[in-house]
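Student: Pasting data_38.pdb here (PDB, C-alpha atoms, pLDDT in the B column):
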ATOM      1  CA  MET A 576     -23.526 -54.370 -39.175  1.00 43.00           C
ATOM      2  CA  ASP A 577     -19.758 -54.937 -39.099  1.00 42.00           C
ATOM      3  CA  GLN A 578     -19.274 -52.267 -41.757  1.00 40.00           C
ATOM      4  CA  PHE A 579     -21.269 -49.686 -39.698  1.00 41.00           C
ATOM      5  CA  ILE A 580     -19.199 -50.330 -36.599  1.00 40.00           C
ATOM      6  CA  LEU A 581     -16.014 -50.069 -38.642  1.00 40.00           C
ATOM      7  CA  SER A 582     -17.213 -46.848 -40.213  1.00 44.00           C
ATOM      8  CA  SER A 583     -18.170 -45.450 -36.816  1.00 47.00           C
ATOM      9  CA  GLY A 584     -14.801 -46.447 -35.471  1.00 46.00           C
ATOM     10  CA  LEU A 585     -13.000 -44.726 -38.361  1.00 46.00           C
ATOM     11  CA  ASP A 586     -14.987 -41.581 -37.757  1.00 48.00           C
ATOM     12  CA  GLU A 587     -13.535 -41.507 -34.265  1.00 53.00           C
ATOM     13  CA  MET A 588      -9.966 -41.852 -35.502  1.00 55.00           C
ATOM     14  CA  CYS A 589      -7.757 -38.878 -36.399  1.00 54.00           C
ATOM     15  CA  ILE A 590      -4.277 -38.458 -37.838  1.00 52.00           C
ATOM     16  CA  GLY A 591      -1.975 -36.055 -35.958  1.00 54.00           C
ATOM     17  CA  GLU A 592       0.757 -33.836 -37.374  1.00 54.00           C
ATOM     18  CA  ASN A 593       3.345 -36.517 -36.635  1.00 57.00           C
ATOM     19  CA  GLY A 594       1.383 -39.007 -38.765  1.00 57.00           C
ATOM     20  CA  ARG A 595       0.187 -41.064 -35.841  1.00 60.00           C
ATOM     21  CA  ILE A 596      -3.375 -42.236 -35.682  1.00 56.00           C
ATOM     22  CA  SER A 597      -5.179 -41.568 -32.445  1.00 56.00           C
ATOM     23  CA  ARG A 598      -8.735 -41.730 -31.221  1.00 57.00           C
ATOM     24  CA  LYS A 599     -10.679 -38.488 -30.943  1.00 56.00           C
ATOM     25  CA  LYS A 600     -11.976 -37.530 -27.537  1.00 57.00           C
ATOM     26  CA  PRO A 601     -15.746 -37.505 -27.276  1.00 59.00           C
ATOM     27  CA  GLU A 602     -17.262 -34.047 -27.416  1.00 60.00           C
ATOM     28  CA  ASN A 603     -18.496 -34.255 -23.840  1.00 61.00           C
ATOM     29  CA  GLU A 604     -14.950 -35.013 -22.632  1.00 61.00           C
ATOM     30  CA  GLN A 605     -13.537 -32.076 -24.600  1.00 60.00           C
ATOM     31  CA  THR A 606     -16.193 -29.745 -23.204  1.00 66.00           C
ATOM     32  CA  GLU A 607     -15.464 -30.891 -19.654  1.00 66.00           C
ATOM     33  CA  SER A 608     -11.719 -30.448 -20.200  1.00 67.00           C
ATOM     34  CA  ASN A 609     -12.183 -26.923 -21.564  1.00 68.00           C
ATOM     35  CA  PHE A 610     -14.459 -26.057 -18.648  1.00 66.00           C
ATOM     36  CA  LYS A 611     -11.868 -27.244 -16.120  1.00 72.00           C
ATOM     37  CA  SER A 612      -9.130 -25.302 -17.918  1.00 75.00           C
ATOM     38  CA  LYS A 613     -11.173 -22.088 -17.809  1.00 78.00           C
ATOM     39  CA  ASN A 614     -11.894 -22.626 -14.129  1.00 82.00           C
ATOM     40  CA  LEU A 615      -8.194 -23.085 -13.388  1.00 84.00           C
ATOM     41  CA  HIS A 616      -7.314 -19.871 -15.221  1.00 83.00           C
ATOM     42  CA  ALA A 617     -10.076 -17.966 -13.414  1.00 83.00           C
ATOM     43  CA  GLU A 618      -8.943 -19.298 -10.039  1.00 86.00           C
ATOM     44  CA  ARG A 619      -5.333 -18.402 -10.809  1.00 85.00           C
ATOM     45  CA  ARG A 620      -6.331 -14.840 -11.726  1.00 86.00           C
ATOM     46  CA  ARG A 621      -8.437 -14.560  -8.573  1.00 85.00           C
ATOM     47  CA  ARG A 622      -5.521 -15.685  -6.412  1.00 83.00           C
ATOM     48  CA  GLU A 623      -3.153 -13.269  -8.146  1.00 84.00           C
ATOM     49  CA  LYS A 624      -5.543 -10.355  -7.535  1.00 84.00           C
ATOM     50  CA  LEU A 625      -5.968 -11.364  -3.900  1.00 81.00           C
ATOM     51  CA  ASN A 626      -2.214 -11.656  -3.376  1.00 80.00           C
ATOM     52  CA  ASP A 627      -1.692  -8.271  -5.016  1.00 80.00           C
ATOM     53  CA  LYS A 628      -4.251  -6.641  -2.720  1.00 81.00           C
ATOM     54  CA  LEU A 629      -2.701  -8.289   0.330  1.00 78.00           C
ATOM     55  CA  LEU A 630       0.712  -7.060  -0.781  1.00 78.00           C
ATOM     56  CA  ARG A 631      -0.590  -3.496  -1.074  1.00 78.00           C
ATOM     57  CA  LEU A 632      -2.229  -3.808   2.334  1.00 76.00           C
ATOM     58  CA  ARG A 633       1.052  -5.124   3.733  1.00 75.00           C
ATOM     59  CA  GLY A 634       2.780  -2.046   2.360  1.00 74.00           C
ATOM     60  CA  LEU A 635       0.356   0.331   4.076  1.00 75.00           C
ATOM     61  CA  VAL A 636       0.474  -1.285   7.517  1.00 75.00           C
ATOM     62  CA  PRO A 637       3.802  -0.764   9.328  1.00 70.00           C
ATOM     63  CA  LYS A 638       3.282  -3.475  11.943  1.00 70.00           C
ATOM     64  CA  ILE A 639       2.826  -6.900  10.361  1.00 67.00           C
ATOM     65  CA  THR A 640       3.788  -9.875  12.540  1.00 71.00           C
ATOM     66  CA  ASN A 641       4.073 -12.349   9.646  1.00 70.00           C
ATOM     67  CA  MET A 642       3.033 -12.809   6.016  1.00 70.00           C
ATOM     68  CA  LYS A 643       0.051 -15.123   6.606  1.00 76.00           C
ATOM     69  CA  LYS A 644      -3.098 -13.807   4.947  1.00 76.00           C
ATOM     70  CA  ALA A 645      -5.222 -13.910   8.092  1.00 78.00           C
ATOM     71  CA  THR A 646      -2.499 -12.197  10.130  1.00 80.00           C
ATOM     72  CA  ILE A 647      -2.119  -9.390   7.596  1.00 79.00           C
ATOM     73  CA  VAL A 648      -5.852  -8.651   7.796  1.00 82.00           C
ATOM     74  CA  ASP A 649      -5.871  -8.835  11.619  1.00 82.00           C
ATOM     75  CA  ASP A 650      -2.861  -6.511  11.871  1.00 81.00           C
ATOM     76  CA  ALA A 651      -4.488  -4.085   9.428  1.00 81.00           C
ATOM     77  CA  ILE A 652      -7.641  -3.970  11.574  1.00 83.00           C
ATOM     78  CA  ALA A 653      -5.544  -3.347  14.690  1.00 82.00           C
ATOM     79  CA  TYR A 654      -3.620  -0.592  12.898  1.00 80.00           C
ATOM     80  CA  ILE A 655      -6.848   1.113  11.782  1.00 82.00           C
ATOM     81  CA  SER A 656      -8.132   1.019  15.366  1.00 80.00           C
ATOM     82  CA  GLU A 657      -4.866   2.574  16.517  1.00 81.00           C
ATOM     83  CA  LEU A 658      -5.186   5.326  13.899  1.00 80.00           C
ATOM     84  CA  GLN A 659      -8.769   6.033  14.952  1.00 81.00           C
ATOM     85  CA  HIS A 660      -7.613   6.395  18.552  1.00 79.00           C
ATOM     86  CA  THR A 661      -4.826   8.765  17.451  1.00 80.00           C
ATOM     87  CA  VAL A 662      -7.273  10.863  15.421  1.00 80.00           C
ATOM     88  CA  ALA A 663      -9.618  11.134  18.405  1.00 79.00           C
ATOM     89  CA  THR A 664      -6.726  12.243  20.638  1.00 79.00           C
ATOM     90  CA  LEU A 665      -5.538  14.850  18.136  1.00 79.00           C
ATOM     91  CA  GLN A 666      -9.069  16.177  17.661  1.00 78.00           C
ATOM     92  CA  HIS A 667      -9.355  16.593  21.426  1.00 76.00           C
ATOM     93  CA  GLN A 668      -6.050  18.486  21.530  1.00 75.00           C
ATOM     94  CA  LEU A 669      -7.050  20.691  18.601  1.00 77.00           C
ATOM     95  CA  LEU A 670     -10.347  21.479  20.293  1.00 76.00           C
ATOM     96  CA  GLY A 671      -8.374  22.833  23.232  1.00 72.00           C
ATOM     97  CA  ILE A 672      -6.220  24.923  20.883  1.00 70.00           C
ATOM     98  CA  GLU A 673      -9.285  26.341  19.123  1.00 64.00           C
ATOM     99  CA  THR A 674     -10.822  27.230  22.487  1.00 65.00           C
ATOM    100  CA  SER A 675      -7.653  29.101  23.371  1.00 59.00           C
ATOM    101  CA  SER A 676      -7.767  30.864  19.987  1.00 55.00           C
ATOM    102  CA  ALA A 677     -11.303  32.058  20.689  1.00 54.00           C
ATOM    103  CA  GLU A 678     -10.144  33.573  23.968  1.00 53.00           C
ATOM    104  CA  GLY A 679      -7.362  35.390  22.123  1.00 50.00           C
ATOM    105  CA  THR A 680      -4.571  34.895  24.666  1.00 47.00           C
ATOM    106  CA  VAL A 681      -3.096  32.045  26.653  1.00 46.00           C
ATOM    107  CA  PRO A 682      -1.363  32.671  30.004  1.00 46.00           C
ATOM    108  CA  LYS A 683       2.128  31.274  30.536  1.00 47.00           C
ATOM    109  CA  LYS A 684       3.299  29.918  33.866  1.00 43.00           C
ATOM    110  CA  ASP A 685       5.277  33.088  34.585  1.00 45.00           C
ATOM    111  CA  GLY A 686       2.184  35.246  34.090  1.00 45.00           C
ATOM    112  CA  ILE A 687       3.163  36.620  30.654  1.00 44.00           C
ATOM    113  CA  HIS A 688       0.400  36.351  28.036  1.00 45.00           C
ATOM    114  CA  ILE A 689       1.019  35.268  24.468  1.00 45.00           C
ATOM    115  CA  CYS A 690      -1.314  35.285  21.476  1.00 49.00           C
ATOM    116  CA  ALA A 691      -3.070  32.077  20.388  1.00 47.00           C
ATOM    117  CA  ALA A 692      -1.252  31.982  17.039  1.00 47.00           C
ATOM    118  CA  GLU A 693       2.117  31.852  18.799  1.00 50.00           C
ATOM    119  CA  ARG A 694       0.775  29.182  21.113  1.00 50.00           C
ATOM    120  CA  ASN A 695      -0.306  27.071  18.128  1.00 48.00           C
ATOM    121  CA  LYS A 696       3.143  27.414  16.642  1.00 50.00           C
ATOM    122  CA  GLU A 697       4.720  26.218  19.873  1.00 48.00           C
ATOM    123  CA  LEU A 698       2.472  23.167  19.862  1.00 48.00           C
ATOM    124  CA  TRP A 699       3.429  22.246  16.272  1.00 53.00           C
ATOM    125  CA  LEU A 700       5.229  18.925  16.221  1.00 64.00           C
ATOM    126  CA  GLN A 701       8.465  18.570  14.303  1.00 79.00           C
ATOM    127  CA  PRO A 702       8.373  16.689  10.969  1.00 85.00           C
ATOM    128  CA  ASP A 703       8.468  12.930  11.385  1.00 86.00           C
ATOM    129  CA  ILE A 704       9.452  10.217   8.919  1.00 87.00           C
ATOM    130  CA  SER A 705       8.915   6.479   9.403  1.00 85.00           C
ATOM    131  CA  VAL A 706      10.545   4.015   7.021  1.00 84.00           C
ATOM    132  CA  ALA A 707      10.181   0.220   6.902  1.00 81.00           C
ATOM    133  CA  GLN A 708      11.678  -2.227   4.436  1.00 79.00           C
ATOM    134  CA  ILE A 709       8.935  -4.437   2.994  1.00 77.00           C
ATOM    135  CA  PHE A 710      10.924  -6.596   0.607  1.00 76.00           C
ATOM    136  CA  GLU A 711      14.491  -6.615  -0.645  1.00 75.00           C
ATOM    137  CA  ASN A 712      14.059  -3.539  -2.853  1.00 80.00           C
ATOM    138  CA  LYS A 713      10.787  -2.059  -1.549  1.00 83.00           C
ATOM    139  CA  LEU A 714      10.126   0.460   1.208  1.00 84.00           C
ATOM    140  CA  TRP A 715       7.052   1.678   3.065  1.00 86.00           C
ATOM    141  CA  MET A 716       7.273   5.295   4.182  1.00 87.00           C
ATOM    142  CA  LYS A 717       5.138   7.692   6.213  1.00 89.00           C
ATOM    143  CA  VAL A 718       6.005  11.398   6.241  1.00 89.00           C
ATOM    144  CA  ILE A 719       4.290  13.926   8.531  1.00 89.00           C
ATOM    145  CA  PHE A 720       5.113  17.595   8.070  1.00 89.00           C
ATOM    146  CA  GLU A 721       3.616  21.075   8.041  1.00 87.00           C
ATOM    147  CA  LYS A 722       1.310  21.760   5.123  1.00 86.00           C
ATOM    148  CA  LYS A 723       2.838  24.504   3.016  1.00 86.00           C
ATOM    149  CA  PRO A 724       2.890  25.405  -0.686  1.00 88.00           C
ATOM    150  CA  GLY A 725       5.147  23.131  -2.710  1.00 87.00           C
ATOM    151  CA  GLY A 726       5.916  20.820   0.214  1.00 88.00           C
ATOM    152  CA  PHE A 727       4.448  17.679  -1.345  1.00 89.00           C
ATOM    153  CA  THR A 728       6.040  18.443  -4.725  1.00 90.00           C
ATOM    154  CA  LYS A 729       9.478  18.849  -3.146  1.00 90.00           C
ATOM    155  CA  LEU A 730       9.076  15.518  -1.359  1.00 90.00           C
ATOM    156  CA  ILE A 731       8.170  13.669  -4.573  1.00 89.00           C
ATOM    157  CA  GLU A 732      11.018  15.328  -6.473  1.00 90.00           C
ATOM    158  CA  ALA A 733      13.478  14.339  -3.748  1.00 90.00           C
ATOM    159  CA  LEU A 734      12.344  10.706  -3.865  1.00 89.00           C
ATOM    160  CA  SER A 735      12.691  10.671  -7.657  1.00 88.00           C
ATOM    161  CA  ALA A 736      16.177  12.172  -7.372  1.00 88.00           C
ATOM    162  CA  LEU A 737      17.124   9.355  -4.989  1.00 86.00           C
ATOM    163  CA  GLY A 738      16.115   6.852  -7.676  1.00 86.00           C
ATOM    164  CA  PHE A 739      12.865   5.608  -6.165  1.00 87.00           C
ATOM    165  CA  GLU A 740       9.784   4.620  -8.148  1.00 88.00           C
ATOM    166  CA  ILE A 741       6.531   5.400  -6.327  1.00 88.00           C
ATOM    167  CA  THR A 742       4.144   2.450  -6.665  1.00 87.00           C
ATOM    168  CA  ASP A 743       1.441   3.690  -4.280  1.00 86.00           C
ATOM    169  CA  THR A 744       0.737   6.921  -2.389  1.00 86.00           C
ATOM    170  CA  ASN A 745      -1.881   8.291  -0.017  1.00 87.00           C
ATOM    171  CA  LEU A 746      -2.158  11.942   1.033  1.00 87.00           C
ATOM    172  CA  THR A 747      -4.072  13.255   4.054  1.00 86.00           C
ATOM    173  CA  THR A 748      -4.252  16.819   5.392  1.00 84.00           C
ATOM    174  CA  PHE A 749      -5.725  17.974   8.680  1.00 81.00           C
ATOM    175  CA  LYS A 750      -5.501  21.351  10.422  1.00 79.00           C
ATOM    176  CA  GLY A 751      -2.341  22.439   8.623  1.00 83.00           C
ATOM    177  CA  VAL A 752      -0.644  19.044   8.934  1.00 87.00           C
ATOM    178  CA  MET A 753       0.096  16.808   5.949  1.00 87.00           C
ATOM    179  CA  GLN A 754       0.600  13.040   6.133  1.00 88.00           C
ATOM    180  CA  VAL A 755       1.937  11.216   3.102  1.00 89.00           C
ATOM    181  CA  THR A 756       2.106   7.420   2.954  1.00 89.00           C
ATOM    182  CA  LEU A 757       4.120   5.871   0.134  1.00 88.00           C
ATOM    183  CA  CYS A 758       5.249   2.526  -1.222  1.00 88.00           C
ATOM    184  CA  LEU A 759       8.594   2.821  -2.990  1.00 87.00           C
ATOM    185  CA  GLN A 760      10.523   0.518  -5.281  1.00 85.00           C
ATOM    186  CA  GLY A 761      14.224   0.677  -6.115  1.00 82.00           C
ATOM    187  CA  PHE A 762      15.764   0.546  -2.626  1.00 75.00           C
ATOM    188  CA  SER A 763      19.354  -0.662  -2.336  1.00 71.00           C
ATOM    189  CA  ARG A 764      21.350  -0.761   0.896  1.00 67.00           C
ATOM    190  CA  GLU A 765      24.519  -0.517  -1.161  1.00 65.00           C
ATOM    191  CA  LEU A 766      23.543   3.025  -2.204  1.00 68.00           C
ATOM    192  CA  LEU A 767      21.726   4.451   0.821  1.00 76.00           C
ATOM    193  CA  ALA A 768      20.843   3.235   4.287  1.00 81.00           C
ATOM    194  CA  VAL A 769      17.364   3.780   5.703  1.00 81.00           C
ATOM    195  CA  GLU A 770      18.620   6.343   8.234  1.00 84.00           C
ATOM    196  CA  GLU A 771      20.398   8.302   5.500  1.00 86.00           C
ATOM    197  CA  ILE A 772      17.161   8.461   3.505  1.00 85.00           C
ATOM    198  CA  LYS A 773      15.291   9.764   6.559  1.00 86.00           C
ATOM    199  CA  GLU A 774      17.901  12.469   7.200  1.00 87.00           C
ATOM    200  CA  LEU A 775      17.818  13.653   3.589  1.00 88.00           C
ATOM    201  CA  LEU A 776      14.024  13.825   3.481  1.00 89.00           C
ATOM    202  CA  LEU A 777      13.815  15.627   6.838  1.00 87.00           C
ATOM    203  CA  LYS A 778      15.911  18.403   5.322  1.00 87.00           C
ATOM    204  CA  VAL A 779      13.459  18.601   2.426  1.00 87.00           C
ATOM    205  CA  VAL A 780      10.273  18.868   4.515  1.00 85.00           C
ATOM    206  CA  ASN A 781      11.721  21.140   7.212  1.00 81.00           C
TER     207      ASN A 781
END
In structure tokens, how does this file's structure come out?

Tutor:
Amino acid sequence: MDQFILSSGLDEMCIGENGRISRKKPENEQTESNFKSKNLHAERRRREKLNDKLLRLRGLVPKITNMKKATIVDDAIAYISELQHTVATLQHQLLGIETSSAEGTVPKKDGIHICAAERNKELWLQPDISVAQIFENKLWMKVIFEKKPGGFTKLIEALSALGFEITDTNLTTFKGVMQVTLCLQGFSRELLAVEEIKELLLKVVN
């Protein structure tokens, strides 16, 4: 009986690389440890993916009150609602323009008539660029300008020439207007200020 216990005890002993003798962990303990380790790795990856998505969302929304996860989502919802309201307003304005186009002419206040195409041109808004610094070397940018051949390509080439790396971009066109939203990396205040970047890009899209 003593010999069996001794033998069983020896079976549970192991010699490490340093020559020390230690007791092997039972298989059920090893399995539980491996399971916990896998769970920790999975949870870490899940958190990293979530943080990455929140970071991208933060880059797309210009008005973020703070960096709390719940606040970022709330601000994003508010921003989407604001965009939907803007789209509805623009659609209403465009409907009025299209009605004028169908009539062919639009009377001015002084009684002189002009064609609808000229009227549309008068109503065209000037290019607009919004820039916000997200982190120390990252920028969020929204550019609105007239849709014309090569316009988007010139914008991207200009950003590359300024030394920016584009990490995310979104392009929308509507009734001859193009809106480009970008996340940029490589910003340095020592090289260019935000206002200088806006002035340079306005020259490109004009």

Student: Calculate how many Å separate CA of Ser735 in chain A from CA of Met642 in chain A, rounding to one decimal.

Tutor: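 Distance reported for this atom pair: 28.8 Å.
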
Student: Quote the spacing between CA of Lys628 in chain A and CA of Ala707 in chain A in Å to one decimal place.

Tutor: 18.7 Å

Student: Grab all the atoms of range 617-625 of chain A that the file lists, wrap them in a box along x, y and z, add 4 Å per side, and give me centre plus edge lengths in Å (one decimal) as AutoDock Vina command-line options.

Tutor:
--center_x -6.6 --center_y -14.8 --center_z -8.7 --size_x 14.9 --size_y 16.9 --size_z 17.5

Student: Could you give me, as CSV, every range 631-677 of chain A residue with an atom at most 10 Å from range 743-765 of chain A, plus its closest atom pair and distance in Å to one decimal, counting all atoms listed in the file, rows ordered by chain then number?

Tutor:
residue,atom,partner,partner_atom,distance
A:Arg631,CA,A:Asp743,CA,8.1
A:Gly634,CA,A:Cys758,CA,6.3
A:Leu635,CA,A:Thr756,CA,7.4
A:Val636,CA,A:Thr756,CA,10.0
A:Val662,CA,A:Phe749,CA,9.9
A:Leu665,CA,A:Phe749,CA,10.0
A:Gln666,CA,A:Lys750,CA,9.6
A:Leu669,CA,A:Lys750,CA,8.4

Student: Interatomic distance between CA of Lys644 in chain A and CA of Lys624 in chain A?

Tutor: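 Interatomic distance here is 13.2 Å.
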
Student: Residue by residue, what does the PyMOL selection byres ((chain A and resi 705) around 10) grab here? Present the result as a compact mmCIF listing (two decimals) with C-alpha atoms, in the coordinates of the input.

Tutor:
# COMPACT_ATOMS: atom_id res chain seq x y z
CA PRO A 637 3.80 -0.76 9.33
CA ASP A 703 8.47 12.93 11.38
CA ILE A 704 9.45 10.22 8.92
CA VAL A 706 10.54 4.01 7.02
CA ALA A 707 10.18 0.22 6.90
CA TRP A 715 7.05 1.68 3.06
CA MET A 716 7.27 5.30 4.18
CA LYS A 717 5.14 7.69 6.21
CA VAL A 718 6.00 11.40 6.24
CA ILE A 719 4.29 13.93 8.53
CA THR A 756 2.11 7.42 2.95
CA VAL A 769 17.36 3.78 5.70
CA GLU A 770 18.62 6.34 8.23
CA LYS A 773 15.29 9.76 6.56

Student: Using all atoms listed in the file, find all polymer residues with an atom at most 12 Å away from the point (5.1, -5.8, 12.6); report them as a VMD selection string.

Tutor: chain A and resid 633 to 642 646 to 647 649 to 651 653 to 654 707 to 709

Student: Is it possible to produce a file of range 634-658 of chain A from this structure, with N, CA and C atoms, as an mmCIF file, in the first residue's frame?

Tutor:
data_model
loop_
_atom_site.group_PDB
_atom_site.id
_atom_site.type_symbol
_atom_site.label_atom_id
_atom_site.label_comp_id
_atom_site.auth_asym_id
_atom_site.auth_seq_id
_atom_site.Cartn_x
_atom_site.Cartn_y
_atom_site.Cartn_z
ATOM 1 N N GLY A 634 -13.665 59.915 -35.013
ATOM 2 C CA GLY A 634 -13.075 60.665 -36.108
ATOM 3 C C GLY A 634 -14.096 61.189 -37.101
ATOM 4 N N LEU A 635 -15.246 60.532 -37.195
ATOM 5 C CA LEU A 635 -16.269 60.932 -38.156
ATOM 6 C C LEU A 635 -17.227 61.976 -37.601
ATOM 7 N N VAL A 636 -17.319 62.062 -36.284
ATOM 8 C CA VAL A 636 -18.254 63.003 -35.658
ATOM 9 C C VAL A 636 -17.479 64.225 -35.167
ATOM 10 N N PRO A 637 -17.779 65.413 -35.695
ATOM 11 C CA PRO A 637 -16.998 66.601 -35.331
ATOM 12 C C PRO A 637 -17.263 67.124 -33.928
ATOM 13 N N LYS A 638 -18.446 66.828 -33.383
ATOM 14 C CA LYS A 638 -18.802 67.377 -32.074
ATOM 15 C C LYS A 638 -18.882 66.257 -31.043
ATOM 16 N N ILE A 639 -17.784 66.037 -30.343
ATOM 17 C CA ILE A 639 -17.739 65.037 -29.275
ATOM 18 C C ILE A 639 -17.419 65.762 -27.973
ATOM 19 N N THR A 640 -18.311 65.657 -26.982
ATOM 20 C CA THR A 640 -18.120 66.404 -25.737
ATOM 21 C C THR A 640 -17.003 65.832 -24.877
ATOM 22 N N ASN A 641 -16.878 64.506 -24.825
ATOM 23 C CA ASN A 641 -15.749 63.879 -24.132
ATOM 24 C C ASN A 641 -15.536 62.484 -24.712
ATOM 25 N N MET A 642 -14.516 61.783 -24.199
ATOM 26 C CA MET A 642 -14.108 60.511 -24.786
ATOM 27 C C MET A 642 -14.758 59.301 -24.120
ATOM 28 N N LYS A 643 -15.788 59.496 -23.291
ATOM 29 C CA LYS A 643 -16.477 58.352 -22.708
ATOM 30 C C LYS A 643 -17.246 57.607 -23.799
ATOM 31 N N LYS A 644 -17.276 56.289 -23.688
ATOM 32 C CA LYS A 644 -17.896 55.473 -24.734
ATOM 33 C C LYS A 644 -19.360 55.849 -24.947
ATOM 34 N N ALA A 645 -20.102 55.967 -23.867
ATOM 35 C CA ALA A 645 -21.532 56.277 -23.988
ATOM 36 C C ALA A 645 -21.741 57.651 -24.614
ATOM 37 N N THR A 646 -20.879 58.607 -24.265
ATOM 38 C CA THR A 646 -21.007 59.961 -24.800
ATOM 39 C C THR A 646 -20.709 59.996 -26.286
ATOM 40 N N ILE A 647 -19.705 59.231 -26.714
ATOM 41 C CA ILE A 647 -19.371 59.176 -28.140
ATOM 42 C C ILE A 647 -20.564 58.676 -28.946
ATOM 43 N N VAL A 648 -21.216 57.628 -28.461
ATOM 44 C CA VAL A 648 -22.379 57.074 -29.165
ATOM 45 C C VAL A 648 -23.530 58.078 -29.171
ATOM 46 N N ASP A 649 -23.791 58.724 -28.026
ATOM 47 C CA ASP A 649 -24.870 59.713 -27.947
ATOM 48 C C ASP A 649 -24.615 60.882 -28.895
ATOM 49 N N ASP A 650 -23.371 61.369 -28.917
ATOM 50 C CA ASP A 650 -23.031 62.487 -29.802
ATOM 51 C C ASP A 650 -23.140 62.085 -31.269
ATOM 52 N N ALA A 651 -22.800 60.836 -31.571
ATOM 53 C CA ALA A 651 -22.917 60.351 -32.952
ATOM 54 C C ALA A 651 -24.382 60.322 -33.386
ATOM 55 N N ILE A 652 -25.258 59.867 -32.481
ATOM 56 C CA ILE A 652 -26.694 59.834 -32.791
ATOM 57 C C ILE A 652 -27.223 61.249 -33.025
ATOM 58 N N ALA A 653 -26.792 62.183 -32.172
ATOM 59 C CA ALA A 653 -27.225 63.575 -32.327
ATOM 60 C C ALA A 653 -26.721 64.162 -33.642
ATOM 61 N N TYR A 654 -25.492 63.807 -34.007
ATOM 62 C CA TYR A 654 -24.911 64.312 -35.260
ATOM 63 C C TYR A 654 -25.653 63.755 -36.475
ATOM 64 N N ILE A 655 -26.025 62.477 -36.421
ATOM 65 C CA ILE A 655 -26.786 61.871 -37.519
ATOM 66 C C ILE A 655 -28.149 62.551 -37.662
ATOM 67 N N SER A 656 -28.786 62.840 -36.537
ATOM 68 C CA SER A 656 -30.079 63.537 -36.578
ATOM 69 C C SER A 656 -29.924 64.920 -37.204
ATOM 70 N N GLU A 657 -28.828 65.585 -36.858
ATOM 71 C CA GLU A 657 -28.551 66.906 -37.427
ATOM 72 C C GLU A 657 -28.338 66.815 -38.944
ATOM 73 N N LEU A 658 -27.607 65.789 -39.371
ATOM 74 C CA LEU A 658 -27.379 65.590 -40.807
ATOM 75 C C LEU A 658 -28.686 65.305 -41.543
#
